[in-house]
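Chemist: Contents of input-v4.txt (compact mmCIF, C-alpha atoms) are below:
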```
# COMPACT_ATOMS: atom_id res chain seq x y z
CA MET N 101 119.98 171.20 107.28
CA GLU N 102 119.35 168.17 105.12
CA LYS N 103 120.80 165.43 107.30
CA LEU N 104 122.18 164.55 110.69
CA VAL N 105 125.61 166.13 111.13
CA CYS N 106 127.49 165.35 114.31
CA ARG N 107 130.63 166.54 116.00
CA GLU N 108 132.99 163.99 117.52
CA PHE N 109 134.05 164.29 121.17
CA ARG N 110 136.47 162.47 123.42
CA PRO N 111 135.11 161.20 126.73
CA GLY N 112 136.12 163.39 129.65
CA ARG N 113 135.43 162.82 133.31
CA ARG N 114 132.54 160.58 134.29
CA PHE N 115 130.64 161.57 137.43
CA VAL N 116 127.93 159.90 139.47
CA GLY N 117 126.25 161.70 142.34
CA ARG N 118 123.32 162.33 144.54
CA LEU N 119 121.08 165.30 143.81
CA PRO N 120 120.50 167.80 146.62
CA HIS N 121 117.20 167.70 148.50
CA GLY N 122 115.11 170.87 148.16
CA LYS N 123 117.17 172.45 145.41
CA ASP N 124 116.36 173.37 141.83
CA LEU N 125 117.29 170.64 139.35
CA ILE N 126 118.64 172.76 136.49
CA GLN N 127 120.54 175.12 138.78
CA SER N 128 122.13 172.20 140.63
CA VAL N 129 123.50 170.71 137.42
CA GLU N 130 124.62 174.05 135.99
CA ASN N 131 126.36 175.01 139.24
CA PHE N 132 128.16 171.67 139.31
CA CYS N 133 129.36 172.25 135.75
CA LYS N 134 130.62 175.74 136.52
CA GLU N 135 132.49 174.56 139.63
CA ASN N 136 134.11 171.75 137.66
CA SER N 137 134.78 173.68 134.46
CA ILE N 138 132.49 171.47 132.38
CA VAL N 139 131.32 173.17 129.17
CA MET N 140 129.98 170.16 127.31
CA ALA N 141 128.36 167.02 128.73
CA THR N 142 125.47 164.60 128.52
CA PHE N 143 123.60 163.40 131.59
CA SER N 144 120.67 161.34 132.79
CA LEU N 145 119.01 161.00 136.17
CA ILE N 146 116.21 159.33 138.09
CA GLY N 147 114.67 160.44 141.38
CA ALA N 148 111.74 162.45 142.66
CA VAL N 149 110.61 166.09 142.86
CA SER N 150 108.41 167.98 145.27
CA SER N 151 107.23 170.26 142.46
CA ALA N 152 108.02 170.66 138.78
CA THR N 153 107.74 172.99 135.82
CA VAL N 154 107.45 171.33 132.44
CA GLY N 155 106.69 172.65 128.98
CA ALA N 156 106.15 171.94 125.34
CA TYR N 157 107.09 174.03 122.34
CA ASP N 158 104.26 175.44 120.29
CA GLN N 159 105.79 174.87 116.87
CA LYS N 160 103.41 177.27 115.11
CA GLN N 161 103.48 180.15 117.59
CA GLN N 162 107.17 179.45 118.37
CA VAL N 163 106.77 179.88 122.10
CA TYR N 164 107.01 177.46 125.01
CA VAL N 165 103.80 176.55 126.81
CA THR N 166 104.61 175.68 130.43
CA PHE N 167 102.70 174.07 133.26
CA LYS N 168 103.55 173.73 136.90
CA GLU N 169 102.88 170.66 139.06
CA ASN N 170 102.78 171.47 142.77
CA LEU N 171 102.91 167.95 144.11
CA PRO N 172 105.38 165.13 144.79
CA LEU N 173 106.22 163.15 141.65
CA GLU N 174 108.70 160.48 140.63
CA ILE N 175 111.27 161.46 138.01
CA VAL N 176 110.76 158.44 135.77
CA ILE N 177 113.58 159.69 133.56
CA CYS N 178 115.33 162.98 132.87
CA ALA N 179 117.93 163.18 130.12
CA GLY N 180 119.76 166.05 128.55
CA ASN N 181 122.96 167.84 127.81
CA VAL N 182 125.15 170.76 128.80
CA SER N 183 126.56 173.10 126.18
CA LEU N 184 127.42 176.78 125.85
CA LYS N 185 125.08 179.73 125.56
CA ASP N 186 126.66 183.19 125.76
CA GLY N 187 129.79 181.52 127.09
CA ASN N 188 128.08 179.76 130.01
CA PRO N 189 127.24 176.07 130.44
CA VAL N 190 123.48 175.65 130.14
CA VAL N 191 121.27 172.61 130.60
CA HIS N 192 118.82 171.39 127.97
CA ALA N 193 116.82 168.49 129.33
CA HIS N 194 113.50 166.73 129.00
CA ILE N 195 111.77 165.11 131.94
CA LEU N 196 109.08 162.52 132.58
CA LEU N 197 107.22 162.59 135.89
CA GLY N 198 104.92 159.98 137.42
CA ASP N 199 102.36 160.22 140.19
CA GLU N 200 101.25 157.64 142.74
CA GLN N 201 99.01 155.91 140.20
CA GLY N 202 101.87 155.79 137.68
CA LYS N 203 100.19 158.43 135.53
CA THR N 204 102.82 160.43 133.69
CA ILE N 205 103.41 163.88 132.31
CA GLY N 206 106.48 164.93 130.41
CA GLY N 207 108.19 167.54 128.30
CA HIS N 208 110.87 170.22 128.37
CA LEU N 209 112.34 170.76 131.84
CA PHE N 210 112.16 174.27 133.28
CA SER N 211 113.16 175.94 136.52
CA GLU N 212 111.79 175.89 138.96
CA THR N 213 111.70 172.18 139.56
CA LEU N 214 112.53 171.26 143.14
CA LEU N 215 114.33 168.02 143.94
CA PHE N 216 113.26 165.57 146.63
CA ALA N 217 116.03 163.06 145.84
CA GLY N 218 117.85 161.78 142.80
CA GLU N 219 120.84 160.06 141.27
CA ILE N 220 122.66 161.50 138.27
CA GLU N 221 125.34 160.36 135.86
CA ILE N 222 127.26 163.00 133.94
CA GLN N 223 129.63 162.33 131.05
CA GLU N 224 131.91 165.25 130.29
CA LEU N 225 132.74 165.63 126.59
CA ILE N 226 136.08 167.02 125.44
CA GLY N 227 136.41 168.81 122.12
CA ASN N 228 135.04 171.87 120.40
CA PRO N 229 131.93 172.56 122.54
CA MET N 230 128.54 173.09 120.96
CA GLU N 231 127.18 176.66 121.23
CA ARG N 232 123.55 177.69 121.14
CA ALA N 233 122.17 180.42 118.92
CA SER N 234 118.72 181.38 117.69
CA ASP N 235 117.56 179.18 114.80
CA ALA N 236 115.53 181.01 112.15
CA VAL N 237 113.51 177.97 111.03
CA THR N 238 112.29 176.71 114.40
CA GLY N 239 112.66 179.77 116.62
CA LEU N 240 114.60 177.62 119.10
CA MET N 241 118.06 178.12 120.59
CA LEU N 242 119.79 175.31 118.70
CA TRP N 243 123.40 174.30 118.25
CA LYS N 244 125.30 176.13 115.56
CA ASN N 245 127.00 173.81 113.08
CA MET U 221 123.18 168.48 151.37
CA GLU U 222 123.25 171.89 149.79
CA LYS U 223 124.45 171.09 146.32
CA LEU U 224 125.19 168.35 143.83
CA VAL U 225 128.32 166.48 144.88
CA CYS U 226 129.59 163.75 142.58
CA ARG U 227 132.22 161.07 142.67
CA GLU U 228 134.41 160.51 139.63
CA PHE U 229 134.68 157.06 138.07
CA ARG U 230 136.72 155.50 135.30
CA PRO U 231 134.81 153.61 132.62
CA GLY U 232 135.05 149.86 133.06
CA ARG U 233 133.67 147.17 130.79
CA ARG U 234 130.83 148.05 128.45
CA PHE U 235 128.28 145.32 127.84
CA VAL U 236 125.36 144.99 125.47
CA GLY U 237 123.00 142.06 125.70
CA ARG U 238 119.63 140.48 125.25
CA LEU U 239 117.36 140.14 128.27
CA PRO U 240 116.02 136.66 129.09
CA HIS U 241 112.44 135.81 128.16
CA GLY U 242 110.21 135.05 131.16
CA LYS U 243 112.66 136.16 133.83
CA ASP U 244 112.52 138.92 136.43
CA LEU U 245 114.13 142.15 135.23
CA ILE U 246 115.87 143.24 138.44
CA GLN U 247 117.08 139.75 139.31
CA SER U 248 118.48 139.26 135.81
CA VAL U 249 120.58 142.40 136.03
CA GLU U 250 121.72 141.75 139.61
CA ASN U 251 122.69 138.17 138.79
CA PHE U 252 124.69 139.34 135.79
CA CYS U 253 126.53 141.82 138.01
CA LYS U 254 127.34 139.19 140.61
CA GLU U 255 128.62 136.75 138.01
CA ASN U 256 130.83 139.42 136.46
CA SER U 257 131.99 141.05 139.71
CA ILE U 258 130.33 144.38 138.88
CA VAL U 259 129.71 146.52 141.96
CA MET U 260 129.00 149.87 140.29
CA ALA U 261 127.37 150.54 136.93
CA THR U 262 124.79 152.50 135.02
CA PHE U 263 122.44 150.87 132.53
CA SER U 264 119.50 151.49 130.24
CA LEU U 265 117.23 149.15 128.34
CA ILE U 266 114.23 148.93 126.04
CA GLY U 267 111.97 145.94 125.45
CA ALA U 268 108.70 144.50 126.66
CA VAL U 269 107.28 142.81 129.75
CA SER U 270 104.49 140.31 130.29
CA SER U 271 103.72 141.84 133.70
CA ALA U 272 105.20 144.61 135.82
CA THR U 273 105.34 146.04 139.33
CA VAL U 274 105.88 149.78 139.53
CA GLY U 275 105.74 152.22 142.42
CA ALA U 276 105.99 155.78 143.61
CA TYR U 277 107.37 157.11 146.86
CA ASP U 278 104.89 158.76 149.19
CA GLN U 279 107.14 161.62 150.31
CA LYS U 280 104.98 162.45 153.35
CA GLN U 281 104.34 158.94 154.65
CA GLN U 282 107.83 157.83 153.54
CA VAL U 283 106.64 154.53 152.08
CA TYR U 284 106.48 153.19 148.53
CA VAL U 285 103.05 152.79 146.97
CA THR U 286 103.17 149.99 144.40
CA PHE U 287 100.86 148.77 141.69
CA LYS U 288 100.97 145.68 139.56
CA GLU U 289 100.13 145.47 135.85
CA ASN U 290 99.21 141.95 134.74
CA LEU U 291 99.35 142.50 131.01
CA PRO U 292 101.85 142.76 128.15
CA LEU U 293 103.45 146.21 127.94
CA GLU U 294 106.30 147.84 126.05
CA ILE U 295 109.26 149.02 128.09
CA VAL U 296 109.45 152.50 126.58
CA ILE U 297 112.56 153.16 128.67
CA CYS U 298 114.13 151.77 131.81
CA ALA U 299 117.23 153.45 133.25
CA GLY U 300 119.09 152.99 136.45
CA ASN U 301 122.23 152.06 138.28
CA VAL U 302 123.95 149.34 140.25
CA SER U 303 125.67 150.12 143.54
CA LEU U 304 126.31 148.43 146.86
CA LYS U 305 123.84 147.73 149.66
CA ASP U 306 125.07 145.55 152.50
CA GLY U 307 127.99 144.56 150.31
CA ASN U 308 125.88 143.31 147.40
CA PRO U 309 125.26 144.91 144.00
CA VAL U 310 121.67 146.19 143.90
CA VAL U 311 119.64 147.74 141.11
CA HIS U 312 117.88 151.08 141.43
CA ALA U 313 115.88 151.76 138.30
CA HIS U 314 112.84 153.61 137.03
CA ILE U 315 110.69 152.29 134.22
CA LEU U 316 108.13 153.58 131.74
CA LEU U 317 105.65 151.16 130.24
CA GLY U 318 103.29 151.61 127.30
CA ASP U 319 100.21 149.68 126.23
CA GLU U 320 98.81 149.01 122.76
CA GLN U 321 97.28 152.49 122.59
CA GLY U 322 100.58 154.07 123.62
CA LYS U 323 99.16 154.96 127.03
CA THR U 324 101.96 155.01 129.59
CA ILE U 325 102.55 154.37 133.25
CA GLY U 326 105.85 154.81 135.01
CA GLY U 327 107.75 154.97 138.25
CA HIS U 328 110.13 153.03 140.46
CA LEU U 329 110.81 149.51 139.19
CA PHE U 330 110.08 146.61 141.54
CA SER U 331 110.26 142.84 141.38
CA GLU U 332 108.43 141.09 140.17
CA THR U 333 108.51 142.41 136.65
CA LEU U 334 108.68 139.65 134.05
CA LEU U 335 110.52 140.16 130.79
CA PHE U 336 109.13 139.30 127.37
CA ALA U 337 112.18 140.60 125.48
CA GLY U 338 114.67 143.41 125.79
CA GLU U 339 118.04 144.90 124.96
CA ILE U 340 120.31 146.35 127.62
CA GLU U 341 123.51 148.37 127.73
CA ILE U 342 125.56 148.30 130.91
CA GLN U 343 128.51 150.58 131.67
CA GLU U 344 130.68 149.32 134.50
CA LEU U 345 132.19 152.09 136.63
CA ILE U 346 135.57 151.67 138.27
CA GLY U 347 136.44 153.53 141.45
CA ASN U 348 135.21 153.82 145.00
CA PRO U 349 131.70 152.33 144.67
CA MET U 350 128.66 154.13 146.03
CA GLU U 351 127.01 152.46 149.02
CA ARG U 352 123.40 152.79 150.09
CA ALA U 353 122.28 153.66 153.61
CA SER U 354 119.09 154.98 155.17
CA ASP U 355 118.72 158.74 154.71
CA ALA U 356 117.13 160.56 157.65
CA VAL U 357 115.63 163.41 155.63
CA THR U 358 113.84 161.43 152.92
CA GLY U 359 113.53 157.99 154.49
CA LEU U 360 115.08 156.49 151.33
CA MET U 361 118.12 154.25 150.92
CA LEU U 362 120.40 156.85 149.36
CA TRP U 363 124.10 156.94 148.57
CA LYS U 364 126.36 157.93 151.42
CA ASN U 365 128.69 160.78 150.55
CA MET Y 85 117.63 131.76 127.24
CA GLU Y 86 117.79 131.38 130.98
CA LYS Y 87 119.70 134.49 131.97
CA LEU Y 88 121.13 137.77 130.78
CA VAL Y 89 124.12 137.12 128.53
CA CYS Y 90 126.04 140.11 127.24
CA ARG Y 91 128.80 140.76 124.77
CA GLU Y 92 131.58 143.16 125.70
CA PHE Y 93 132.44 146.09 123.46
CA ARG Y 94 135.11 148.76 123.39
CA PRO Y 95 133.94 152.37 123.14
CA GLY Y 96 134.37 153.76 119.65
CA ARG Y 97 133.71 157.28 118.46
CA ARG Y 98 131.33 159.46 120.47
CA PHE Y 99 129.16 161.84 118.47
CA VAL Y 100 126.81 164.64 119.44
CA GLY Y 101 124.69 166.38 116.86
CA ARG Y 102 121.61 168.22 115.80
CA LEU Y 103 118.82 166.31 114.11
CA PRO Y 104 117.63 167.60 110.71
CA HIS Y 105 114.37 169.56 110.55
CA GLY Y 106 111.65 167.88 108.49
CA LYS Y 107 113.42 164.54 108.07
CA ASP Y 108 112.55 161.03 109.21
CA LEU Y 109 114.12 160.13 112.55
CA ILE Y 110 115.07 156.51 111.87
CA GLN Y 111 116.36 157.21 108.36
CA SER Y 112 118.46 160.12 109.62
CA VAL Y 113 120.23 157.95 112.17
CA GLU Y 114 120.67 154.99 109.81
CA ASN Y 115 122.06 157.22 107.05
CA PHE Y 116 124.52 158.76 109.50
CA CYS Y 117 125.67 155.29 110.50
CA LYS Y 118 126.14 154.18 106.90
CA GLU Y 119 128.11 157.31 106.01
CA ASN Y 120 130.36 156.85 109.03
CA SER Y 121 130.73 153.04 108.81
CA ILE Y 122 129.01 152.50 112.17
CA VAL Y 123 127.61 148.98 112.55
CA MET Y 124 126.99 148.92 116.29
CA ALA Y 125 126.04 151.80 118.59
CA THR Y 126 123.75 153.02 121.31
CA PHE Y 127 122.09 156.42 121.20
CA SER Y 128 119.63 158.70 122.95
CA LEU Y 129 117.97 161.92 121.92
CA ILE Y 130 115.53 164.61 122.95
CA GLY Y 131 113.68 167.06 120.71
CA ALA Y 132 110.36 167.43 118.97
CA VAL Y 133 108.48 165.93 116.03
CA SER Y 134 105.84 167.28 113.67
CA SER Y 135 104.28 163.81 113.36
CA ALA Y 136 105.09 160.36 114.67
CA THR Y 137 104.41 156.66 114.20
CA VAL Y 138 104.60 154.56 117.34
CA GLY Y 139 103.68 150.96 118.07
CA ALA Y 140 103.42 148.16 120.57
CA TYR Y 141 104.00 144.47 120.07
CA ASP Y 142 100.99 142.23 120.46
CA GLN Y 143 102.71 139.40 122.32
CA LYS Y 144 99.93 136.89 121.61
CA GLN Y 145 99.31 137.64 117.94
CA GLN Y 146 103.03 138.37 117.42
CA VAL Y 147 102.42 141.45 115.31
CA TYR Y 148 103.10 145.15 115.89
CA VAL Y 149 100.10 147.41 116.41
CA THR Y 150 100.96 150.91 115.21
CA PHE Y 151 99.35 154.30 115.56
CA LYS Y 152 100.12 157.59 113.89
CA GLU Y 153 100.06 161.01 115.56
CA ASN Y 154 99.66 163.84 113.07
CA LEU Y 155 100.51 166.72 115.38
CA PRO Y 156 103.50 168.48 116.94
CA LEU Y 157 104.84 166.64 119.99
CA GLU Y 158 107.87 166.86 122.25
CA ILE Y 159 110.26 163.90 122.19
CA VAL Y 160 110.48 163.45 125.95
CA ILE Y 161 113.04 160.71 125.39
CA CYS Y 162 114.06 158.38 122.60
CA ALA Y 163 116.65 155.68 123.26
CA GLY Y 164 117.87 152.78 121.22
CA ASN Y 165 120.62 151.01 119.43
CA VAL Y 166 122.10 150.30 116.02
CA SER Y 167 123.08 146.76 115.04
CA LEU Y 168 123.16 144.63 111.91
CA LYS Y 169 120.24 143.11 110.02
CA ASP Y 170 121.03 141.49 106.68
CA GLY Y 171 124.41 143.22 106.80
CA ASN Y 172 123.02 146.74 107.21
CA PRO Y 173 122.99 148.97 110.30
CA VAL Y 174 119.40 149.21 111.56
CA VAL Y 175 117.88 151.26 114.36
CA HIS Y 176 115.82 149.75 117.17
CA ALA Y 177 114.45 152.51 119.37
CA HIS Y 178 111.59 153.33 121.69
CA ILE Y 179 110.16 156.81 121.98
CA LEU Y 180 108.06 158.83 124.40
CA LEU Y 181 106.13 161.82 123.10
CA GLY Y 182 104.40 164.59 125.02
CA ASP Y 183 101.76 167.08 123.96
CA GLU Y 184 101.13 170.66 125.13
CA GLN Y 185 99.42 169.45 128.29
CA GLY Y 186 102.31 167.09 129.06
CA LYS Y 187 100.18 164.08 128.21
CA THR Y 188 102.37 161.29 126.91
CA ILE Y 189 102.24 158.36 124.53
CA GLY Y 190 105.08 155.96 123.95
CA GLY Y 191 106.27 152.73 122.43
CA HIS Y 192 108.30 151.27 119.59
CA LEU Y 193 109.51 153.93 117.12
CA PHE Y 194 108.54 153.48 113.48
CA SER Y 195 109.04 155.42 110.27
CA GLU Y 196 107.62 157.67 109.41
CA THR Y 197 108.32 160.01 112.27
CA LEU Y 198 109.22 163.51 111.12
CA LEU Y 199 111.64 165.65 113.12
CA PHE Y 200 111.02 169.25 114.08
CA ALA Y 201 114.29 169.57 116.03
CA GLY Y 202 116.44 167.41 118.26
CA GLU Y 203 119.79 166.67 119.85
CA ILE Y 204 121.35 163.22 119.73
CA GLU Y 205 124.29 161.47 121.33
CA ILE Y 206 125.67 158.37 119.64
CA GLN Y 207 128.21 155.98 121.17
CA GLU Y 208 129.85 153.73 118.61
CA LEU Y 209 130.68 150.27 119.93
CA ILE Y 210 133.69 148.34 118.65
CA GLY Y 211 133.75 144.55 118.69
CA ASN Y 212 131.80 141.67 117.23
CA PRO Y 213 128.56 143.44 116.21
CA MET Y 214 125.18 142.07 117.22
CA GLU Y 215 123.09 140.69 114.35
CA ARG Y 216 119.31 140.40 114.23
CA ALA Y 217 117.44 137.24 113.30
CA SER Y 218 113.92 135.96 113.77
CA ASP Y 219 113.35 134.60 117.28
CA ALA Y 220 111.06 131.56 117.46
CA VAL Y 221 109.78 132.22 120.99
CA THR Y 222 108.74 135.86 120.66
CA GLY Y 223 108.40 136.27 116.89
CA LEU Y 224 110.66 139.34 117.11
CA MET Y 225 113.88 140.13 115.26
CA LEU Y 226 116.22 139.71 118.21
CA TRP Y 227 119.98 139.53 118.55
CA LYS Y 228 121.53 136.14 117.93
CA ASN Y 229 123.75 135.02 120.76
```
Just dump the structure as structure tokens.
Modeler:
Amino acid sequence: MEKLVCREFRPGRRFVGRLPHGKDLIQSVENFCKENSIVMATFSLIGAVSSATVGAYDQKQQVYVTFKENLPLEIVICAGNVSLKDGNPVVHAHILLGDEQGKTIGGHLFSETLLFAGEIEIQELIGNPMERASDAVTGLMLWKN
Amino acid sequence: MEKLVCREFRPGRRFVGRLPHGKDLIQSVENFCKENSIVMATFSLIGAVSSATVGAYDQKQQVYVTFKENLPLEIVICAGNVSLKDGNPVVHAHILLGDEQGKTIGGHLFSETLLFAGEIEIQELIGNPMERASDAVTGLMLWKN
Amino acid sequence: MEKLVCREFRPGRRFVGRLPHGKDLIQSVENFCKENSIVMATFSLIGAVSSATVGAYDQKQQVYVTFKENLPLEIVICAGNVSLKDGNPVVHAHILLGDEQGKTIGGHLFSETLLFAGEIEIQELIGNPMERASDAVTGLMLWKN
């Protein structure tokens, strides 16, 4: 792909809500989408976790390296999207976490990441939903054009 | 609360603006909301500060730990929302700051945090506004359902 | 400027897309805007880069200090806007990058920053577009009121 190619969407429903204490972040968002028939959306959230799993993609080996943080951390920011993989709405999000000295770690958000509290905004997108498939160049599950 | 429960809003006015040099970040946004009768919104901004106060929530002790940075820093990202507390629009935002080596600190945004420059987008939300109240489980001022 | 003053915009087209592998981030977004006659927008994206150029503004000397990272990094978050400078749509964005240990660096996004992969959302804004001009107080290219 030589340049940025986008698909145009119409704005659907706009939701704001409180994230559930003690639950997994990705599962909470995906379950909400399934219950509300959302197949395509963008979202962002702030809050805190009691533990987190974050990763980075090893671009040469084409595998994710993950690391788990078993301590309370602020969610400085978490932003991502919902689109289809194998017909189901799946979350792709990145997260930045901060400790009590403000020191941060960040990367690709994985389960399990357990919520302490949080506030999310979700913008449903109406149109031909993006679908994920394996990309030969990067080894990632990217959107098909 | 067992799962993510959201409230649906209609998009209101969408604002973009330049943050005032030398002023407090939270107060600037809250004053703008009061002047424009905004009671519910989401916003994000980038820019720079001349000093900042950031914190993290001690989930066990249920108190915020804060720290002050008395130096110029980039606002790598600041995202948050406006909702009601005691009938007034209040900001809840998290911020990430970066120094001249790109080293970052982040967490819950407090006053006082003094702006050097910045650019903000604000999306007003129309509907039944969220209201904050003390939450027994976390000790935080969370949105009532 | 004593307080936050904003301009109101109507939402235009909303785009979601996949960023091009191996291309410069800023140029990709600016080219997309030119091709689609976008003069004012906000955007955010997540993804990864193969190399990046990031900076911070030296508020006393009024110059940007930049640093280059010649290694694969996650884009934890990148957020910014498009507005006019000398009649052309230009990107102003900040970026946060994370390595394989989750260690982060962040600041003002510069070219060249080469994409590995990424997913962007762009919200076109309709109205009187913001225009950049030199600001005497900060030395930055800020929006004229």
Chemist: If you take all atoms listed in the file and a cut-off of 9 Å, which residues of chain Y touch chain N, and what are their nearest atom pairs and distances in Å to one decimal, in chain and number order, as a tab-separated table?
Modeler:
```
residue	atom	partner	partner_atom	distance
Y:Arg97	CA	N:Glu108	CA	6.8
Y:Arg98	CA	N:Phe109	CA	5.6
Y:Phe99	CA	N:Glu108	CA	4.5
Y:Val100	CA	N:Cys106	CA	5.2
Y:Gly101	CA	N:Cys106	CA	3.9
Y:Arg102	CA	N:Leu104	CA	6.3
Y:Leu103	CA	N:Leu104	CA	5.1
Y:Pro104	CA	N:Lys103	CA	5.1
Y:His105	CA	N:Met101	CA	6.7
Y:Gly106	CA	N:Glu102	CA	8.4
Y:Lys107	CA	N:Lys103	CA	7.5
Y:Ser112	CA	N:Leu104	CA	5.9
Y:Val113	CA	N:Leu104	CA	7.0
Y:Asn115	CA	N:Leu104	CA	8.2
Y:Phe116	CA	N:Leu104	CA	6.4
Y:Ser128	CA	N:Ala179	CA	8.6
Y:Leu129	CA	N:Gly180	CA	8.0
Y:Ile130	CA	N:His194	CA	6.7
Y:Gly131	CA	N:His194	CA	8.3
Y:Ala132	CA	N:Tyr157	CA	8.1
Y:Ser134	CA	N:Gln159	CA	8.2
Y:Pro156	CA	N:Gln159	CA	6.8
Y:Leu157	CA	N:Ala156	CA	7.6
Y:Glu158	CA	N:Gly207	CA	6.1
Y:Ile159	CA	N:Gly207	CA	7.4
Y:Val160	CA	N:Gly207	CA	5.2
Y:Ile161	CA	N:His194	CA	7.0
Y:Leu180	CA	N:Gly206	CA	8.7
Y:Leu181	CA	N:Gly206	CA	8.0
Y:Gly182	CA	N:Gly206	CA	5.8
Y:Asp183	CA	N:Ala156	CA	6.7
Y:Glu184	CA	N:Ala156	CA	5.2
Y:Gln185	CA	N:Phe167	CA	7.5
Y:Gly186	CA	N:Ile205	CA	4.7
Y:Lys187	CA	N:Ile205	CA	5.2
Y:Thr188	CA	N:Ile205	CA	6.1
Y:Phe200	CA	N:Thr238	CA	7.6
Y:Ala201	CA	N:Thr238	CA	7.6
Y:Gly202	CA	N:Leu242	CA	8.6
Y:Glu203	CA	N:Trp243	CA	8.6
Y:Ile204	CA	N:Cys106	CA	8.5
Y:Glu205	CA	N:Thr142	CA	7.9
Y:Ile206	CA	N:Cys106	CA	9.0
```
Chemist: Please compute the CA of Asn256 in chain U-CA of Ser218 in chain Y distance, one decimal, in Å.
Modeler: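 One can read the CA of Asn256 in chain U to CA of Ser218 in chain Y distance as 28.5 Å.
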Chemist: State, in Å with one decimal place, the distance from CA of Leu304 in chain U to CA of Ile138 in chain N.
Modeler: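 Those two atoms sit 27.9 Å apart.
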Chemist: Tell me which protein, DNA and RNA residues are within 6 Å of Thr153 in chain N, counting all atoms listed in the file, leaving out same-chain ones fewer than 4 positions away, and put them as a list in words.
Modeler: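 Contacts, in chain order: Phe167, Lys168, Phe210, Glu212 and Thr213 of chain N.
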Chemist: With C-alpha atoms retained, could you export that selection as a PDB file, in the frame of the given file?
Modeler:
```
ATOM      1  CA  PHE N 167     102.700 174.070 133.260  1.00  0.00           C
ATOM      2  CA  LYS N 168     103.550 173.730 136.900  1.00  0.00           C
ATOM      3  CA  PHE N 210     112.160 174.270 133.280  1.00  0.00           C
ATOM      4  CA  GLU N 212     111.790 175.890 138.960  1.00  0.00           C
ATOM      5  CA  THR N 213     111.700 172.180 139.560  1.00  0.00           C
TER       6      THR N 213
END
```
Chemist: With all atoms listed in the file as the counted atoms, please give the residues lying no more than 8 Å from Val139 in chain N, apart from itself and same-chain residues fewer than 6 positions off, as a ChimeraX atom specification.
Modeler: /N:133,182-184,188-189,229
Chemist: One decimal, in Å: what's the spacing between CA of Ser137 in chain N and CA of Asp235 in chain N?
Modeler: 26.7 Å
Chemist: Which residue is closest to Gly211 in chain Y? Choose from Y:Leu155, Y:Ala136, Y:Gly96, Y:Ile110 and count only C-alpha atoms.
Modeler: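 Closest candidate: Y:Gly96.
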Chemist: Edge lengths and centre in Å to one decimal, as JSON, of the axis-aligned box that encloses all listed atoms of range 319-324 of chain U with 5 Å added on every side?
Modeler:
```
{"center_x": 99.6, "center_y": 152.0, "center_z": 126.1, "size_x": 14.7, "size_y": 16.0, "size_z": 17.0}
```
Chemist: Starting from the structure just given, write a file holding range 290-301 of chain U with N, CA and C atoms, as an mmCIF file, in the first residue's frame.
Modeler:
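Written output follows (decode35.cif):
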```
data_model
loop_
_atom_site.group_PDB
_atom_site.id
_atom_site.type_symbol
_atom_site.label_atom_id
_atom_site.label_comp_id
_atom_site.auth_asym_id
_atom_site.auth_seq_id
_atom_site.Cartn_x
_atom_site.Cartn_y
_atom_site.Cartn_z
ATOM 1 N N ASN U 290 8.037 21.524 38.231
ATOM 2 C CA ASN U 290 8.248 22.962 38.015
ATOM 3 C C ASN U 290 9.190 23.225 36.854
ATOM 4 N N LEU U 291 8.821 22.712 35.695
ATOM 5 C CA LEU U 291 9.663 22.958 34.523
ATOM 6 C C LEU U 291 8.821 22.855 33.264
ATOM 7 N N PRO U 292 9.317 23.411 32.154
ATOM 8 C CA PRO U 292 8.588 23.340 30.891
ATOM 9 C C PRO U 292 8.510 21.904 30.391
ATOM 10 N N LEU U 293 7.331 21.492 29.967
ATOM 11 C CA LEU U 293 7.112 20.134 29.473
ATOM 12 C C LEU U 293 6.108 20.168 28.329
ATOM 13 N N GLU U 294 6.287 19.275 27.379
ATOM 14 C CA GLU U 294 5.272 19.070 26.343
ATOM 15 C C GLU U 294 4.064 18.347 26.939
ATOM 16 N N ILE U 295 2.879 18.736 26.514
ATOM 17 C CA ILE U 295 1.693 17.910 26.762
ATOM 18 C C ILE U 295 1.612 16.928 25.596
ATOM 19 N N VAL U 296 2.072 15.705 25.823
ATOM 20 C CA VAL U 296 2.046 14.712 24.742
ATOM 21 C C VAL U 296 0.593 14.402 24.400
ATOM 22 N N ILE U 297 -0.228 14.237 25.433
ATOM 23 C CA ILE U 297 -1.672 14.081 25.242
ATOM 24 C C ILE U 297 -2.352 14.383 26.572
ATOM 25 N N CYS U 298 -3.514 14.984 26.478
ATOM 26 C CA CYS U 298 -4.376 15.164 27.640
ATOM 27 C C CYS U 298 -5.788 14.907 27.157
ATOM 28 N N ALA U 299 -6.478 13.975 27.815
ATOM 29 C CA ALA U 299 -7.837 13.617 27.387
ATOM 30 C C ALA U 299 -8.721 13.501 28.609
ATOM 31 N N GLY U 300 -9.954 13.897 28.447
ATOM 32 C CA GLY U 300 -10.861 13.808 29.576
ATOM 33 C C GLY U 300 -12.273 14.186 29.224
ATOM 34 N N ASN U 301 -13.027 14.466 30.278
ATOM 35 C CA ASN U 301 -14.443 14.775 30.084
ATOM 36 C C ASN U 301 -14.889 15.860 31.053
#
```
